[in-house]
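Below is one structure, written out as structure tokens; the observations come after it.
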Amino acid sequence: MTKYCPACGEQLIDEARFCKNCGAELNGPQTNGNTHQQNTRQFIESSEKSHTLAIIAGYAMAILIPLIGLIISIYLLTRDSSNAKKHGKYVLIVAVVIWVLSILAVLR
């Protein structure tokens with residue numbers, strides 16, 4: 001039976017008492033691939049949540065100060081999170097639209 005680290009998901013030998021990757025102590029019943037999948041899912045969910053502040057700030061700045069909104073949208077577009085990329089596109093659109101409307105208002 002294959003054993004995995006419950007902390008990082010590293011595959012280990014059955015006799016291991018500590019993870020060779022992260023050093024976590026392996027006491028308790030042996031784990032299986034499901035634990036690795038759960039850890040991976042938790043990591044993905046936490047990385048999705050970690051961009052919430054940047055997303056909110058991006059929308060606010062896109063409306064108030066479009067240049068800063070543009071910078072935040074580029075930051076969001078370069079993240080690995082699909083949620084961050086989606087909102088990065090929307091923030092970019094909002095920033096450009098507000099910028100164009102501002103220029104048109106000044107030119108009148």
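Scheme for the structure tokens: letters A, B, ... for chains in order shown; per-chain residue numbers from 1; ligand numbers from 1 in order shown.
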
Residue contacts of Lys20 of chain A (10 Å, only C-alpha atoms) excluding same-chain residues fewer than 4 positions away, as a ChimeraX atom specification: /A:5,10-13,16,24-25

For segment 94-107 of chain A: contacts at 12 Å, only C-alpha atoms, fewer than 2 positions along chain excluded, given as a count of residues only: 23

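Each of A:Asn21, A:Asn27, A:Thr2, A:Ser50 was checked against Asp80 of chain A using only C-alpha atoms; the smallest atom-to-atom distance is that of A:Ser50.
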
Shell of 10 Å around His51 of chain A, only C-alpha atoms, local chain residues under 5 positions omitted, as a PyMOL selection string: chain A and resi 46+56-57+76+79+81+83-84+87
